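Visitor: My file is input-v6.txt. It has compact mmCIF, C-alpha atoms:
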# COMPACT_ATOMS: atom_id res chain seq x y z
CA MET A 1 0.00 0.00 0.00
CA LEU A 2 1.67 3.13 -1.20
CA VAL A 3 0.82 6.79 -0.91
CA ASP A 4 2.81 9.91 -1.69
CA LYS A 5 2.15 13.31 -0.11
CA THR A 6 4.22 16.35 0.71
CA MET A 7 4.95 17.60 4.17
CA SER A 8 5.69 21.18 5.13
CA ARG A 9 8.37 21.97 7.72
CA ARG A 10 7.59 24.44 10.45
CA THR A 11 9.39 23.90 13.71
CA PHE A 12 9.96 25.69 16.95
CA LEU A 13 12.10 24.77 19.90
CA LEU A 14 11.13 24.43 23.53
CA GLY A 15 13.64 25.65 26.10
CA ALA A 16 15.60 23.21 28.22
CA VAL A 17 13.77 21.68 31.14
CA SER A 18 14.88 20.31 34.49
CA THR A 19 16.17 16.76 34.48
CA THR A 20 13.97 16.13 37.50
CA ALA A 21 11.01 16.35 35.16
CA VAL A 22 11.91 13.11 33.37
CA LEU A 23 9.30 11.22 35.35
CA ALA A 24 6.54 13.73 34.84
CA GLY A 25 5.18 12.36 31.60
CA CYS A 26 3.49 14.48 28.95
CA VAL A 27 3.52 17.99 30.38
CA SER A 28 2.71 21.26 28.65
CA GLN A 29 5.07 23.96 29.94
CA ARG A 30 2.90 26.85 28.74
CA ASP A 31 -0.47 27.57 27.19
CA ILE A 32 -0.55 26.17 23.68
CA THR A 33 -2.93 27.33 20.98
CA PRO A 34 -3.87 24.19 19.04
CA ILE A 35 -2.87 24.29 15.38
CA VAL A 36 -5.79 24.07 12.98
CA PRO A 37 -5.13 20.97 10.86
CA PRO A 38 -5.24 21.20 7.08
CA ALA A 39 -8.06 19.81 4.98
CA PRO A 40 -8.52 16.03 5.37
CA THR A 41 -5.92 14.01 3.54
CA LYS A 42 -7.15 11.98 0.59
CA PRO A 43 -7.48 8.23 1.18
CA PRO A 44 -4.30 6.30 0.39
CA VAL A 45 -3.76 4.72 -2.99
CA GLN A 46 -3.64 1.06 -2.10
CA ASP A 47 -2.31 -1.99 -3.90
CA GLY A 48 -5.45 -3.62 -2.63
CA PRO A 49 -7.76 -3.32 0.38
CA TYR A 50 -6.87 -5.03 3.60
CA THR A 51 -8.60 -8.33 4.08
CA VAL A 52 -10.64 -8.86 7.20
CA ALA A 53 -8.09 -11.45 8.28
CA GLU A 54 -5.25 -8.90 7.97
CA LEU A 55 -7.12 -6.30 9.97
CA GLU A 56 -8.05 -8.82 12.62
CA ALA A 57 -4.40 -9.80 12.90
CA MET A 58 -3.27 -6.16 13.16
CA TYR A 59 -5.89 -4.94 15.59
CA GLY A 60 -7.19 -8.05 17.30
CA PRO A 61 -6.64 -8.87 20.99
CA VAL A 62 -3.01 -9.19 22.06
CA GLU A 63 -1.51 -10.83 25.14
CA ASP A 64 1.55 -8.82 26.11
CA ASN A 65 3.65 -9.21 29.26
CA GLY A 66 0.70 -10.65 31.14
CA TYR A 67 -1.76 -7.96 29.95
CA MET A 68 -4.59 -8.77 27.56
CA ILE A 69 -4.95 -5.80 25.23
CA PRO A 70 -8.49 -5.76 23.84
CA ALA A 71 -9.27 -5.74 20.15
CA VAL A 72 -9.66 -2.37 18.45
CA PRO A 73 -12.93 -1.82 16.54
CA TYR A 74 -11.02 -0.83 13.42
CA GLN A 75 -14.26 -0.51 11.46
CA GLN A 76 -14.89 2.71 13.40
CA ILE A 77 -11.49 4.25 12.51
CA ASP A 78 -10.84 6.07 9.24
CA PRO A 79 -8.81 3.56 7.16
CA ILE A 80 -6.25 6.27 6.38
CA TYR A 81 -5.01 5.85 9.95
CA TYR A 82 -4.45 2.11 9.71
CA ARG A 83 -0.83 1.04 10.03
CA GLN A 84 0.58 0.74 6.51
CA ARG A 85 3.74 0.94 4.42
CA VAL A 86 3.82 4.03 2.17
CA ILE A 87 6.20 5.90 -0.10
CA ASP A 88 8.36 8.01 2.22
CA PRO A 89 7.24 11.64 1.96
CA THR A 90 9.73 13.01 4.50
CA GLY A 91 13.16 12.86 2.86
CA GLU A 92 14.68 11.97 6.23
CA ALA A 93 17.38 9.35 6.72
CA PRO A 94 16.37 5.72 7.18
CA GLY A 95 15.69 4.92 10.81
CA THR A 96 14.30 8.39 11.57
CA VAL A 97 10.93 8.77 13.26
CA VAL A 98 8.91 11.66 11.84
CA VAL A 99 5.76 13.06 13.44
CA ASP A 100 3.50 15.03 11.09
CA THR A 101 1.44 16.75 13.76
CA PRO A 102 -1.09 18.59 11.54
CA ASN A 103 -1.97 15.49 9.53
CA ARG A 104 -1.92 13.10 12.54
CA PHE A 105 0.67 10.71 11.11
CA LEU A 106 3.85 9.18 12.47
CA TYR A 107 6.41 7.73 10.05
CA LEU A 108 9.33 5.40 10.57
CA VAL A 109 11.58 5.90 7.55
CA GLU A 110 12.84 2.71 5.91
CA PRO A 111 15.96 2.23 3.77
CA ASP A 112 14.22 1.51 0.46
CA GLY A 113 12.30 4.72 -0.08
CA THR A 114 9.34 3.62 1.98
CA ALA A 115 8.12 4.30 5.50
CA MET A 116 5.83 2.66 8.00
CA ARG A 117 3.01 5.09 8.68
CA TYR A 118 0.79 5.07 11.74
CA GLY A 119 -2.23 7.15 12.65
CA VAL A 120 -1.86 9.13 15.86
CA GLY A 121 -3.86 11.37 18.15
CA ILE A 122 -2.39 14.64 19.39
CA GLY A 123 -2.89 15.75 22.96
CA ARG A 124 -2.44 19.34 24.06
CA ALA A 125 1.15 18.60 25.11
CA GLY A 126 1.71 17.27 21.60
CA PHE A 127 1.80 20.87 20.38
CA SER A 128 4.38 21.96 22.97
CA TRP A 129 7.53 20.83 21.20
CA GLY A 130 8.75 20.67 17.63
CA GLY A 131 12.08 20.23 15.92
CA ASN A 132 14.87 17.67 16.00
CA GLY A 133 15.60 15.35 18.89
CA VAL A 134 16.38 11.76 19.73
CA ILE A 135 14.44 8.92 21.26
CA LYS A 136 16.88 8.20 24.04
CA TRP A 137 14.84 5.83 26.14
CA LYS A 138 11.86 3.57 25.66
CA GLN A 139 9.89 1.47 28.09
CA GLU A 140 7.37 -1.33 28.09
CA TRP A 141 4.27 -0.80 30.23
CA PRO A 142 5.56 2.39 31.85
CA LYS A 143 4.32 3.99 35.03
CA TRP A 144 2.61 7.37 34.76
CA PHE A 145 3.44 10.33 36.97
CA PRO A 146 0.83 13.10 36.63
CA PRO A 147 2.43 16.55 36.83
CA ALA A 148 1.80 18.81 39.81
CA GLU A 149 -0.47 21.17 37.86
CA MET A 150 -2.69 18.25 36.82
CA ILE A 151 -2.90 17.05 40.43
CA GLU A 152 -3.81 20.57 41.48
CA ARG A 153 -6.71 20.55 39.02
CA ASP A 154 -7.78 17.03 40.02
CA PRO A 155 -6.72 16.18 43.61
CA LYS A 156 -7.79 12.55 43.15
CA LEU A 157 -4.63 12.08 41.10
CA LYS A 158 -2.46 12.77 44.15
CA GLU A 159 -2.27 9.05 44.85
CA TYR A 160 -0.31 8.72 41.59
CA SER A 161 2.20 11.50 42.31
CA GLU A 162 5.92 10.88 42.03
CA LYS A 163 6.10 10.87 45.81
CA ASN A 164 3.50 8.12 45.94
CA GLY A 165 5.13 6.03 43.24
CA GLY A 166 3.04 6.91 40.20
CA MET A 167 0.24 5.02 38.49
CA PRO A 168 1.18 1.38 37.97
CA ALA A 169 1.37 -0.01 34.47
CA GLY A 170 -1.87 -1.38 33.16
CA LEU A 171 -4.57 -1.21 30.53
CA MET A 172 -5.96 2.09 31.85
CA ASN A 173 -2.58 3.77 32.33
CA PRO A 174 -2.53 6.89 30.08
CA LEU A 175 0.85 5.89 28.60
CA GLY A 176 -0.48 2.55 27.43
CA ALA A 177 1.63 -0.43 26.51
CA ARG A 178 4.78 1.44 25.44
CA ALA A 179 6.40 4.86 25.76
CA LEU A 180 9.26 6.41 23.77
CA TYR A 181 10.93 9.37 25.49
CA ILE A 182 12.26 12.28 23.44
CA PHE A 183 15.34 14.30 24.38
CA GLU A 184 16.90 17.40 22.85
CA ASN A 185 20.48 18.49 23.57
CA GLY A 186 20.61 15.97 26.40
CA LYS A 187 17.46 17.33 28.08
CA ASP A 188 14.12 15.61 28.42
CA THR A 189 11.56 17.50 26.33
CA LEU A 190 8.66 15.98 28.31
CA TYR A 191 7.38 14.92 24.89
CA ARG A 192 6.49 11.26 24.45
CA VAL A 193 5.22 8.89 21.82
CA HIS A 194 3.05 6.50 23.77
CA GLY A 195 0.27 3.97 23.68
CA ASN A 196 -3.26 4.80 24.63
CA PRO A 197 -6.31 2.83 25.72
CA ASP A 198 -8.66 5.26 23.92
CA TRP A 199 -8.64 4.32 20.24
CA THR A 200 -11.25 7.01 19.52
CA SER A 201 -8.54 9.70 19.84
CA ILE A 202 -6.66 8.53 16.75
CA GLY A 203 -6.69 11.22 14.07
CA LYS A 204 -7.92 13.84 16.54
CA ALA A 205 -6.66 16.59 18.81
CA VAL A 206 -7.63 15.85 22.39
CA SER A 207 -7.26 17.50 25.77
CA SER A 208 -4.30 15.63 27.22
CA GLY A 209 -1.28 13.55 26.32
CA CYS A 210 1.46 13.87 23.70
CA ILE A 211 1.54 11.63 20.62
CA ARG A 212 -1.02 8.90 21.20
CA MET A 213 -1.04 5.61 19.32
CA ILE A 214 -3.23 2.54 19.34
CA ASN A 215 -1.56 0.06 21.69
CA GLN A 216 -1.18 -2.52 18.90
CA ASP A 217 0.56 0.12 16.76
CA VAL A 218 2.87 1.46 19.45
CA ILE A 219 4.04 -2.10 20.16
CA ASP A 220 4.82 -2.51 16.45
CA LEU A 221 6.72 0.82 16.40
CA TYR A 222 8.56 -0.02 19.63
CA ASN A 223 9.81 -3.28 18.14
CA ARG A 224 11.06 -1.50 15.00
CA VAL A 225 12.86 1.31 16.89
CA ASP A 226 15.69 -0.87 18.10
CA ASN A 227 18.75 1.37 17.78
CA LEU A 228 18.83 4.03 20.49
CA PRO A 229 19.30 6.93 20.36
CA THR A 230 16.96 7.15 17.38
CA PRO A 231 16.58 10.50 15.59
CA ILE A 232 13.13 12.01 15.61
CA VAL A 233 11.75 15.05 13.78
CA VAL A 234 8.46 16.67 14.80
CA TYR A 235 6.72 18.93 12.30
CA GLN A 236 4.29 21.43 13.78
Here is a file; write its structure as structure tokens.
Guide:
Amino acid sequence: MLVDKTMSRRTFLLGAVSTTAVLAGCVSQRDITPIVPPAPTKPPVQDGPYTVAELEAMYGPVEDNGYMIPAVPYQQIDPIYYRQRVIDPTGEAPGTVVVDTPNRFLYLVEPDGTAMRYGVGIGRAGFSWGGNGVIKWKQEWPKWFPPAEMIERDPKLKEYSEKNGGMPAGLMNPLGARALYIFENGKDTLYRVHGNPDWTSIGKAVSSGCIRMINQDVIDLYNRVDNLPTPIVVYQ
């Protein structure tokens, strides 16, 4: 399945943050005005439609590290956001992860002129950083540490503070089955690519989180990003 599209480059850099914030998770450091996405992208030009068996294999239930990830009702997701191999539109070096924030796509560039493309959802913190960085660390079934400002808004989250050990890994953890942590100039950007139990956020801008992926897709990406640090480019 191949599709070719162009991608504009507009980036801005977020200032360095404290290394003590590494555990905080997806945190917006300032008020962010969401970017209005462009007109909907045309459906991909496919070699042929996915078969039901292929979609069931991609988005069916998965047992992973003792957790049973439920099936995703892929019929309710725009097919453009299904995981698929496409013609690389980024021009970046093979092995680079590229996040096209306005169009809600994440690419992993491959060495033969193609890229694996995934649909993503963008949380408010997903607009807080753009530019060039590296995925320096990745984790399976990570804990989640809500930032202080989130706890202040919702005191019930205090039980998951850093002091109290965070929210344990699990199906309802906001970071999902995997998290990839992005650094710039040796500093944690507080920007993550992570799994997400809410498949309805794919292709949308939502109120919280960074770059959200379907758990089945973030596991696939995690397994392909196997050479750390991995370069990542985020287009805003």
Visitor: Can you list every residue of range 109-188 of chain A that has an atom at most 10 Å from range 205-222 of chain A, with its nearest atom pair and the distance in Å to one decimal, using all atoms listed in the file, ordered by chain then number, as a tab-separated table?
Guide:
residue	atom	partner	partner_atom	distance
A:Met116	CA	A:Leu221	CA	8.6
A:Arg117	CA	A:Leu221	CA	9.6
A:Tyr118	CA	A:Asp217	CA	7.1
A:Gly119	CA	A:Met213	CA	6.9
A:Val120	CA	A:Met213	CA	5.0
A:Gly121	CA	A:Arg212	CA	4.8
A:Ile122	CA	A:Ala205	CA	4.7
A:Gly123	CA	A:Gly209	CA	4.3
A:Arg124	CA	A:Ser208	CA	5.2
A:Ala125	CA	A:Cys210	CA	4.9
A:Gly126	CA	A:Cys210	CA	4.0
A:Phe127	CA	A:Cys210	CA	7.8
A:Ser128	CA	A:Cys210	CA	8.6
A:Trp129	CA	A:Cys210	CA	9.6
A:Lys138	CA	A:Tyr222	CA	7.8
A:Gln139	CA	A:Tyr222	CA	8.7
A:Glu140	CA	A:Ile219	CA	8.6
A:Leu171	CA	A:Asn215	CA	9.4
A:Pro174	CA	A:Gly209	CA	7.7
A:Leu175	CA	A:Arg212	CA	8.2
A:Gly176	CA	A:Asn215	CA	6.3
A:Ala177	CA	A:Asn215	CA	5.8
A:Arg178	CA	A:Val218	CA	6.3
A:Ala179	CA	A:Val218	CA	8.0
A:Leu180	CA	A:Tyr222	CA	7.7
Visitor: In Å, with one decimal, what is the gap from CA of Pro111 in chain A to CA of Asp88 in chain A?
Guide: 9.7 Å
Visitor: Give the padded box for range 180-199 of chain A as JSON: axis-aligned, covering all atoms listed in the file, 6 Å on each side, centre and edge lengths in Å to one decimal.
Guide:
{"center_x": 6.0, "center_y": 10.7, "center_z": 24.3, "size_x": 41.3, "size_y": 27.7, "size_z": 20.2}
Visitor: What does the structure give for the distance between CA of Gly60 in chain A and CA of Asp78 in chain A, in Å to one decimal?
Guide: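 Between these atoms lies a distance of 16.7 Å.
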Visitor: When distances are computed from only C-alpha atoms, which of A:Pro229, A:Pro146, A:Gly186, A:Gly131 shows the smallest separation from Pro168 in chain A?
Guide: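 The closest residue to Pro168 in chain A is A:Pro146.
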Visitor: Quick one: residues within 10 Å of Asp100 in chain A, all atoms listed in the file, excluding same-chain residues fewer than 3 positions away - as an MDAnalysis selection string?
Guide: chainID A and resid 7:9 90 97 103:107 119:120 233:236
Visitor: In Å to one decimal, how far is CA of Asp64 in chain A from CA of His194 in chain A?
Guide: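 Value for the CA of His194 in chain A-CA of Asp64 in chain A distance: 15.6 Å.
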Visitor: Contacts of Val52 in chain A at 12 Å or less, counting only C-alpha atoms, minus same-chain residues fewer than 6 places along, as a list in words?
Guide: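 These residues fall inside the cut-off: Met58, Tyr59, Gly60, Pro73, Tyr74 and Gln75 of chain A.
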Visitor: Take the residues from that selection and write them out as a PDB file, keeping the file's coordinate frame, keeping C-alpha atoms.
Guide:
ATOM      1  CA  MET A  58      -3.270  -6.160  13.160  1.00  0.00           C
ATOM      2  CA  TYR A  59      -5.890  -4.940  15.590  1.00  0.00           C
ATOM      3  CA  GLY A  60      -7.190  -8.050  17.300  1.00  0.00           C
ATOM      4  CA  PRO A  73     -12.930  -1.820  16.540  1.00  0.00           C
ATOM      5  CA  TYR A  74     -11.020  -0.830  13.420  1.00  0.00           C
ATOM      6  CA  GLN A  75     -14.260  -0.510  11.460  1.00  0.00           C
TER       7      GLN A  75
END
Visitor: Nearest to Met68 in chain A among A:Gly203, A:Gly133, A:Pro231, A:Pro197, with distances taken over all atoms listed in the file: which residue is it?
Guide: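 For Met68 in chain A, the nearest of the candidates is A:Pro197.
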Visitor: So which one's closest to Pro142 in chain A, A:Gly195, A:Pro94, A:Pro102, A:Pro155? Using all atoms listed in the file, please.
Guide: A:Gly195
Visitor: Compile the contact shell of range 181-183 of chain A as a PyMOL selection string: residues with an atom at most 9 Å away, counting only C-alpha atoms, same-chain residues fewer than 3 positions apart removed.
Guide: chain A and resi 22+25+133-139+186-194+232
Visitor: Between A:Ala148, A:Ile77, A:Val72, A:Leu55, which one has atoms that come closest to Ser161 in chain A, using only C-alpha atoms?
Guide: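 Ranking A:Ala148, A:Ile77, A:Val72, A:Leu55 by distance to Ser161 in chain A, first place goes to A:Ala148.
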